[in-house]
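Participant: I have a structure I would like to understand better, so I am pasting it below and will then ask my questions one at a time.
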Amino acid sequence: MTGMERVPMGPPWSVDLIADLHAGVLPPEVAAQLRPRVEADPEAREILQALDATLEDLHALPPIPMPDHVAARIDAALAAEARPAAPVVSLDEARKRRNRRLGLGGGVLVAAAAAFGIVLAVSPGTQQPSNDAKPAPTTSSANAATPLALKRDELGSAVGDVLKAQNFGPLETPDRLAGCLRGGGITSSGNPLGISPITLDGKDAVMAILPAGLGQYRLVVLDPETCGPDKPEGVLADTTIKPR
């Protein structure tokens with residue numbers, strides 16, 4: 001079976017068959033026998049010419065840019081893929097770590113005292129909390145981390161680190177960030193792709209990475225002390241890059 005049995009070799013031919021011939025999707029042996037017959041028929045030849053004209057019109061159209069919201073979604077998906085996945089820890093291992101952190105197994109009393117800032121005065125007969133106990137200081141890992149120290153021409157080198165973070169630092173909330181961006185005339189929908197406290201030329205700041213079209217990032221550095229909805233001076237740097 002070559003397919004010739006199902007192809008009419010004389011007119012009239014359907015528009016679908018002529019379109020398949022024009023597109024080159026018919027078997028070569030079928031197209032070789034069908035084309036001279038089609039081109040010899042005036043009506044079929046007009047359909048071929050109309051298809052040629054349609055292709056020329058399509059080739060002449062200007063390129064259609066990708067909508068910004070589609071590009072932003074693609075950028076966000078790529079950035080999410082770039083972030084390292086959280087390691088999978090077994091339930092037993094998690095329990096062991098928790099027990100070690102709480103001091104279970106031999107030092108429950110000491111761990112509890114440390115957690116509540118209680119100093120125990122131990123005597124042969126009694127154990128009483130001292131009245132001079134003070135609350136233990138607490139720190140968060142976000143605040144304890146040392147911010148990246150950058151110069152203006154080094155912002156691009158920090159993209160990988162900032163993309164891994166969602167640390168608003170002194171800006172504290174997405175609403176505060178949105179207000180600072182609005183003050184600088186910068187529009188952005190939703191959370192940034194990445195955000196982290198940094199120091200820019202020795203000054204405390206917050207760097208946010210925003211989508212800027214397919215394959216591009218907009219790096220915005222804000223002064224948390226001066227930025228706000230009506231304070232354009234709070235934007236310390238604003239640049240767009242295309243990572244390699």
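Letters A, B, ... go to the chains of the structure tokens in the order shown; residues in each chain start at 1; ligands are counted from 1 in the same order.
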Would you kindly return, as a list in words, each protein, DNA or RNA residue with an atom no farther than 12 Å from any atom of A:Ala205, considering only C-alpha atoms and excluding same-chain residues fewer than 6 positions away?
Facilitator: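 Contacts, with the query itself left out: Pro147, Leu148, Ala149, Leu150, Lys151, Phe168, Gly169, Pro170, Leu171, Ile195, Ser196, Pro197, Ile198, Thr199, Val220, Val221, Leu222, Asp223, Pro224, Glu225, Thr226, Cys227, Gly234, Val235, Leu236 and Ala237 of chain A.
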Participant: Could you write out, as a list in words, all the residues of stretch 145-200 of chain A that DSSP marks as alpha helix (DSSP H)?
Facilitator: Val159, Gly160, Asp161, Val162, Leu163, Pro174, Asp175, Arg176, Leu177, Ala178, Gly179, Cys180, Leu181, Arg182 and Gly183 of chain A
Participant: Those residues you just picked out, can you put them in a file as a CSV table (one decimal), in the first residue's frame with all heavy atoms?
Facilitator:
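Contents of out29.csv, freshly written:
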```
chain,number,residue,atom,x,y,z
A,159,VAL,N,23.2,38.4,42.2
A,159,VAL,CA,21.9,37.9,41.7
A,159,VAL,C,21.6,36.5,42.3
A,159,VAL,O,20.6,36.1,42.8
A,159,VAL,CB,21.7,37.9,40.2
A,159,VAL,CG1,20.5,37.1,39.7
A,159,VAL,CG2,21.6,39.3,39.7
A,160,GLY,N,22.6,35.6,42.1
A,160,GLY,CA,22.4,34.2,42.6
A,160,GLY,C,22.1,34.1,44.0
A,160,GLY,O,21.2,33.3,44.4
A,161,ASP,N,22.8,34.9,44.9
A,161,ASP,CA,22.5,34.8,46.3
A,161,ASP,C,21.1,35.4,46.7
A,161,ASP,O,20.4,34.9,47.5
A,161,ASP,CB,23.6,35.6,47.1
A,161,ASP,CG,24.9,34.9,47.0
A,161,ASP,OD1,24.9,33.6,47.1
A,161,ASP,OD2,26.0,35.5,46.8
A,162,VAL,N,20.8,36.6,46.1
A,162,VAL,CA,19.5,37.2,46.4
A,162,VAL,C,18.3,36.4,45.9
A,162,VAL,O,17.3,36.4,46.5
A,162,VAL,CB,19.5,38.7,45.8
A,162,VAL,CG1,18.2,39.4,46.1
A,162,VAL,CG2,20.7,39.5,46.4
A,163,LEU,N,18.5,35.7,44.8
A,163,LEU,CA,17.4,34.9,44.3
A,163,LEU,C,17.0,33.8,45.2
A,163,LEU,O,15.9,33.3,45.2
A,163,LEU,CB,17.7,34.3,42.9
A,163,LEU,CG,17.5,35.2,41.7
A,163,LEU,CD1,18.0,34.5,40.4
A,163,LEU,CD2,16.1,35.6,41.5
A,174,PRO,N,5.9,43.0,52.5
A,174,PRO,CA,5.7,43.3,51.1
A,174,PRO,C,5.0,44.6,50.8
A,174,PRO,O,5.3,45.3,49.8
A,174,PRO,CB,4.8,42.1,50.6
A,174,PRO,CG,5.1,41.0,51.6
A,174,PRO,CD,5.3,41.7,52.9
A,175,ASP,N,4.1,45.0,51.7
A,175,ASP,CA,3.5,46.3,51.5
A,175,ASP,C,4.5,47.5,51.6
A,175,ASP,O,4.4,48.4,50.8
A,175,ASP,CB,2.4,46.5,52.6
A,175,ASP,CG,1.2,45.6,52.3
A,175,ASP,OD1,1.0,45.1,51.2
A,175,ASP,OD2,0.4,45.4,53.3
A,176,ARG,N,5.4,47.4,52.5
A,176,ARG,CA,6.4,48.5,52.7
A,176,ARG,C,7.3,48.5,51.4
A,176,ARG,O,7.6,49.6,50.9
A,176,ARG,CB,7.2,48.2,53.9
A,176,ARG,CG,8.4,49.1,54.1
A,176,ARG,CD,8.0,50.5,54.6
A,176,ARG,NE,9.1,51.5,54.4
A,176,ARG,CZ,10.2,51.5,55.2
A,176,ARG,NH1,10.4,50.7,56.2
A,176,ARG,NH2,11.1,52.5,55.0
A,177,LEU,N,7.6,47.3,50.9
A,177,LEU,CA,8.4,47.2,49.7
A,177,LEU,C,7.7,47.9,48.5
A,177,LEU,O,8.2,48.7,47.8
A,177,LEU,CB,8.8,45.8,49.4
A,177,LEU,CG,9.4,45.5,48.0
A,177,LEU,CD1,10.8,46.2,47.9
A,177,LEU,CD2,9.5,44.1,47.7
A,178,ALA,N,6.4,47.5,48.4
A,178,ALA,CA,5.6,48.0,47.3
A,178,ALA,C,5.5,49.6,47.4
A,178,ALA,O,5.6,50.3,46.3
A,178,ALA,CB,4.2,47.4,47.3
A,179,GLY,N,5.4,50.1,48.6
A,179,GLY,CA,5.4,51.6,48.7
A,179,GLY,C,6.7,52.2,48.3
A,179,GLY,O,6.7,53.3,47.6
A,180,CYS,N,7.8,51.6,48.7
A,180,CYS,CA,9.1,52.2,48.3
A,180,CYS,C,9.3,52.1,46.8
A,180,CYS,O,9.8,53.0,46.1
A,180,CYS,CB,10.2,51.4,49.0
A,180,CYS,SG,10.3,51.7,50.8
A,181,LEU,N,8.9,51.0,46.1
A,181,LEU,CA,9.0,50.9,44.7
A,181,LEU,C,8.1,51.9,44.0
A,181,LEU,O,8.5,52.6,43.0
A,181,LEU,CB,8.6,49.5,44.2
A,181,LEU,CG,9.5,48.3,44.7
A,181,LEU,CD1,8.9,47.0,44.3
A,181,LEU,CD2,10.9,48.5,44.1
A,182,ARG,N,6.9,52.1,44.5
A,182,ARG,CA,6.0,53.1,44.0
A,182,ARG,C,6.5,54.5,44.1
A,182,ARG,O,6.4,55.3,43.1
A,182,ARG,CB,4.6,53.0,44.7
A,182,ARG,CG,3.5,53.8,44.0
A,182,ARG,CD,2.1,53.3,44.5
A,182,ARG,NE,2.0,53.5,45.9
A,182,ARG,CZ,1.9,52.6,46.8
A,182,ARG,NH1,2.1,51.3,46.4
A,182,ARG,NH2,1.8,52.8,48.1
A,183,GLY,N,7.2,54.8,45.2
A,183,GLY,CA,7.8,56.1,45.3
A,183,GLY,C,8.9,56.3,44.3
A,183,GLY,O,9.1,57.5,43.9
```
Participant: Please provide the set of residues having any atom within 12 Å of A:Asp16, restricted to only C-alpha atoms, with same-chain residues fewer than 5 positions apart removed, written as a compact mmCIF listing (two decimals) with N, CA, C and O atoms, in the first residue's frame.
Facilitator:
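Writing the result to out29.txt gives the following:
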```
# COMPACT_ATOMS: atom_id res chain seq x y z
N VAL A 7 -5.93 8.45 -3.11
CA VAL A 7 -5.77 9.82 -3.60
C VAL A 7 -6.35 9.94 -5.00
O VAL A 7 -5.91 9.23 -5.92
N LEU A 21 -0.80 19.03 -0.24
CA LEU A 21 0.21 19.02 -1.30
C LEU A 21 1.09 20.26 -1.20
O LEU A 21 2.33 20.18 -1.29
N HIS A 22 0.48 21.42 -0.94
CA HIS A 22 1.22 22.69 -0.83
C HIS A 22 2.15 22.67 0.38
O HIS A 22 3.28 23.20 0.32
N ALA A 23 1.70 22.03 1.47
CA ALA A 23 2.51 22.00 2.69
C ALA A 23 3.58 20.93 2.65
O ALA A 23 4.46 20.90 3.51
N VAL A 25 3.16 17.57 2.93
CA VAL A 25 2.96 16.50 3.92
C VAL A 25 2.51 15.19 3.28
O VAL A 25 2.35 14.19 3.98
N LEU A 26 2.27 15.20 1.97
CA LEU A 26 1.89 13.96 1.30
C LEU A 26 3.12 13.09 1.06
O LEU A 26 4.25 13.59 0.97
N ALA A 44 -7.62 24.42 -9.32
CA ALA A 44 -6.66 23.97 -8.31
C ALA A 44 -5.46 24.89 -8.25
O ALA A 44 -4.89 25.16 -7.18
N ILE A 47 -6.09 27.89 -6.12
CA ILE A 47 -5.98 27.59 -4.68
C ILE A 47 -4.51 27.58 -4.25
O ILE A 47 -4.14 28.13 -3.19
N LEU A 48 -3.63 26.98 -5.08
CA LEU A 48 -2.19 26.99 -4.76
C LEU A 48 -1.66 28.42 -4.69
O LEU A 48 -0.87 28.77 -3.81
N LEU A 51 -2.71 30.06 -1.49
CA LEU A 51 -1.90 29.59 -0.36
C LEU A 51 -0.52 30.25 -0.36
O LEU A 51 0.01 30.61 0.69
```
Participant: Which polymer residues have any atom within 10 Å of an atom of A:Pro8, counting only C-alpha atoms, with same-chain residues fewer than 6 positions away left out, as a ChimeraX atom specification?
Facilitator: /A:14,17,34
Participant: With N, CA and C atoms kept, could you save the residues just selected as a CSV table (one decimal), in the first residue's frame?
Facilitator:
```csv
chain,number,residue,atom,x,y,z
A,14,SER,N,-10.2,18.2,-3.3
A,14,SER,CA,-10.6,19.0,-2.2
A,14,SER,C,-9.6,20.0,-1.8
A,17,LEU,N,-6.9,18.5,0.4
A,17,LEU,CA,-5.8,17.7,-0.4
A,17,LEU,C,-4.8,18.7,-1.0
A,34,LEU,N,0.7,13.7,-8.2
A,34,LEU,CA,-0.4,14.6,-8.1
A,34,LEU,C,-0.1,16.1,-8.5
```
